[in-house]
Every structure is written in C-alpha cells, then in structure tokens.
Amino acid sequence: MADTWEVAGRSFTSRLIVGTGRYKSLEETAAATAASGAEIVTVAVRRVNIGDASAPMLQDFVSPTDYTYLPNTAGCHTAKDAVRTLRLAREAGGWNLVKLEVLGPPPYLYPDMAGTFEAAAALIADNFQVMVYCADDPIAAKRLEEMGCVAIMPLGAPIGSGMGVVNPYMIRSIKQNARVPVLVDAGIGTASDAALAMELGCDAVLLNSAIAHAQDPVMMAVAMKHAVMAGRAAFLAGRMPRDYRADPSSPMSGTISSATRPAA
C-alpha cells in the first residue's frame, strides 16, 4: 500500500513540501520543484505575482494544475496583516487551505505566538483550513490543534538559518501528542536535517532556503526528496536502541581460539 498522508481531507504521496521563493529565476524554481517530487508548494502571497498578467507569473512555470498551491503569510508581523493577506489570496485564487505564520521582529523572526493564536482564530472562524507555523512548544501546538488548525508546523530552527532540527525532543513530543499532521517547517539546511525530522515521526517537511540557496538547487532538490523518503522508511522500520555499551554483531561464545586451534 502507498504510504500516503492526509491534511484537511486531501491525500498526498510526497512528504516534502517546497517553497517557491528565493530562486535566481522562475525557470530555476520550476526545475528544482520538479526535481523535488513535491506535490504541495508554498506561495508567499505578499511577494509573488499572482494577479498581474503583464508580468512573469509563477503559475506559468509551476502550474496550479500540477501542484497544490499553499498560500502563506510570509512577511506578516501582525495578525491583522496575516488575515488580510489570506483573505486576498482566497479572492484571487479560491485557495482555502493556507499556511499561517505571524513573525516576530528580526533578526530571529521567531513565531509571534500571541499573533498566531489571534490570526488562527479569525481564519478558522472564516472557514479557512489552517496549517500553522509555530514555536516548538508542545503546549502551544496542542492549543492550536484544539482551536481547529488542520496541521501543526513547529520550526526546526529560525527561518533561513540552515541550523537543522535544534530541539528534536520537543518536536517528538509535539508529534506524539498530536492528532493532526505535524510538519517541521523552517531551519532545514541539508539532507540529513530533513531525514532527522522524518525519523522523529513527522508527517512531512517544509523547506525553501535549503534548496534555493544551494550551489546546485536542482541537485539539492533531488537530495531532499530522497532524504525525506529515507527518514520516513527509517522511522517505519524502527531504529535499534541506543546503548553506551558495545553489542558485538558476532557472538563472543563458541569462537575458535588459539587454545583450541590444532597444531601444525
């Protein structure tokens, strides 16, 4: 059986979600997105042209008929701006499944949880299906789930930092207590980071900078595709337990020793 996952009643095979920003060109965006095998792509509504037909449009390179668009509120620092942005996105493209993020100030852009709760409540009341970016805080994550968010997306590390999953214990705790999908979002820097997120049991990984800022974005997209698959397989397989003591792969008893070796 296919190892699929679901969010808001929609089923997906790929567990890698990729962003569409920060690339050198829309052509590179298209090539890397295709190489990643992703089925969902995030679209920063405030930064991407989705309505001016006279200018280059993302839709011409990464078609919404081939991918599920996930409008997000990148660059929003207040609940009011985030809600307005997603309402405009729904008017422009009819998108109801959205990614909410309300950011704190630079240089860390850490999730503003007070603003996140406020915006999530308004969007859910307005019948949006909200996938929510949040702090790696199990209590906050559970509250967002209970409010009605359809997926919880704790950060691995600050946005664009490339530091990987810096607090795996809290990510695992969030996943163990969640009844909706949990995705690591932000901070992934390389393939091993994505694999670790999946080994923790997360349902998927969302990243952008790790591919877009690589020296070869298309090759890194392929690496991320396989890393997510490998991490998922390792989680399902169940890793061996950790132990500070050695456990030899060959038995110690019944071995041939010098005392039992026949004379020449």
# chains A, B, ... in the order shown; residues from 1 in each chain; ligands from 1
>>> residues_around(residues="Leu109 in chain A", least_positions_apart="2", cutoff="12 Å", atoms="only C-alpha atoms", output="ChimeraX atom specification")
/A:74-77,101-107,111-113,133-135,155,157-161,186-187
>>> select_by_dssp(residues="range 150-238 of chain A", states="strand (DSSP E)", output="list in words")
Ala151, Ile152, Met153, Pro154, Leu183, Val184, Asp185, Ala204, Val205, Leu206 and Leu207 of chain A
>>> write_last_selection(atoms="N, CA and C atoms", output="PDB file, in the first residue's frame")
ATOM      1  N   ALA A 151      -3.101  21.314  10.588  1.00  0.00           N
ATOM      2  CA  ALA A 151      -1.732  20.797  10.672  1.00  0.00           C
ATOM      3  C   ALA A 151      -0.912  21.733  11.537  1.00  0.00           C
ATOM      4  N   ILE A 152       0.012  21.156  12.282  1.00  0.00           N
ATOM      5  CA  ILE A 152       0.886  21.912  13.169  1.00  0.00           C
ATOM      6  C   ILE A 152       2.295  21.862  12.586  1.00  0.00           C
ATOM      7  N   MET A 153       2.947  23.033  12.513  1.00  0.00           N
ATOM      8  CA  MET A 153       4.223  23.127  11.810  1.00  0.00           C
ATOM      9  C   MET A 153       5.267  23.830  12.678  1.00  0.00           C
ATOM     10  N   PRO A 154       5.832  23.132  13.660  1.00  0.00           N
ATOM     11  CA  PRO A 154       6.842  23.759  14.506  1.00  0.00           C
ATOM     12  C   PRO A 154       8.143  23.993  13.742  1.00  0.00           C
ATOM     13  N   LEU A 183       4.446  18.839  10.813  1.00  0.00           N
ATOM     14  CA  LEU A 183       5.490  19.039   9.812  1.00  0.00           C
ATOM     15  C   LEU A 183       6.567  19.940  10.393  1.00  0.00           C
ATOM     16  N   VAL A 184       7.816  19.585  10.205  1.00  0.00           N
ATOM     17  CA  VAL A 184       8.891  20.508  10.559  1.00  0.00           C
ATOM     18  C   VAL A 184       8.977  21.560   9.464  1.00  0.00           C
ATOM     19  N   ASP A 185       8.975  22.817   9.882  1.00  0.00           N
ATOM     20  CA  ASP A 185       8.962  23.932   8.947  1.00  0.00           C
ATOM     21  C   ASP A 185      10.012  24.946   9.388  1.00  0.00           C
ATOM     22  N   ALA A 204       5.671  15.240   7.472  1.00  0.00           N
ATOM     23  CA  ALA A 204       6.275  15.834   6.286  1.00  0.00           C
ATOM     24  C   ALA A 204       7.260  16.915   6.721  1.00  0.00           C
ATOM     25  N   VAL A 205       7.987  17.443   5.738  1.00  0.00           N
ATOM     26  CA  VAL A 205       8.960  18.512   5.964  1.00  0.00           C
ATOM     27  C   VAL A 205       8.692  19.617   4.952  1.00  0.00           C
ATOM     28  N   LEU A 206       8.741  20.857   5.409  1.00  0.00           N
ATOM     29  CA  LEU A 206       8.596  22.003   4.523  1.00  0.00           C
ATOM     30  C   LEU A 206       9.896  22.794   4.539  1.00  0.00           C
ATOM     31  N   LEU A 207      10.421  23.100   3.370  1.00  0.00           N
ATOM     32  CA  LEU A 207      11.672  23.858   3.285  1.00  0.00           C
ATOM     33  C   LEU A 207      11.705  24.668   1.998  1.00  0.00           C
TER      34      LEU A 207
END
>>> closest_residue(among="A:Ile139, A:Gly148, A:Ala237, A:Asn72", to="Asp126 in chain A", atoms="only C-alpha atoms")
A:Gly148
>>> atom_distance(atom1="CA of Thr33 in chain A", atom2="CA of Thr20 in chain A")
7.8 Å
>>> closest_residue(among="A:Met163, A:Ser14, A:Ala31, A:Ser250", to="Met219 in chain A", atoms="only C-alpha atoms")
A:Ala31
>>> closest_residue(among="A:Lys142, A:Arg15, A:Arg172, A:Arg84", to="Gly37 in chain A", atoms="only C-alpha atoms")
A:Arg15
>>> residues_around(residues="Asn167 in chain A", least_positions_apart="2", cutoff="10 Å", atoms="only C-alpha atoms", output="ChimeraX atom specification")
/A:136,155-157,164-165,169-172
>>> write_last_selection(atoms="C-alpha atoms", output="PDB file, in the first residue's frame")
ATOM      1  CA  ASP A 136       8.491  24.185  19.121  1.00  0.00           C
ATOM      2  CA  LEU A 155      10.097  25.359  13.437  1.00  0.00           C
ATOM      3  CA  GLY A 156      13.244  23.243  13.342  1.00  0.00           C
ATOM      4  CA  ALA A 157      15.317  26.428  13.700  1.00  0.00           C
ATOM      5  CA  GLY A 164      18.584  21.926  11.208  1.00  0.00           C
ATOM      6  CA  VAL A 165      16.384  20.486  13.953  1.00  0.00           C
ATOM      7  CA  TYR A 169      12.910  16.359  21.877  1.00  0.00           C
ATOM      8  CA  MET A 170      10.176  18.963  21.658  1.00  0.00           C
ATOM      9  CA  ILE A 171       9.414  18.106  18.029  1.00  0.00           C
ATOM     10  CA  ARG A 172       8.963  14.471  19.021  1.00  0.00           C
TER      11      ARG A 172
END
>>> closest_residue(among="A:Val132, A:Val45, A:Ile17, A:Ala140", to="Gly93 in chain A", atoms="only C-alpha atoms")
A:Val45
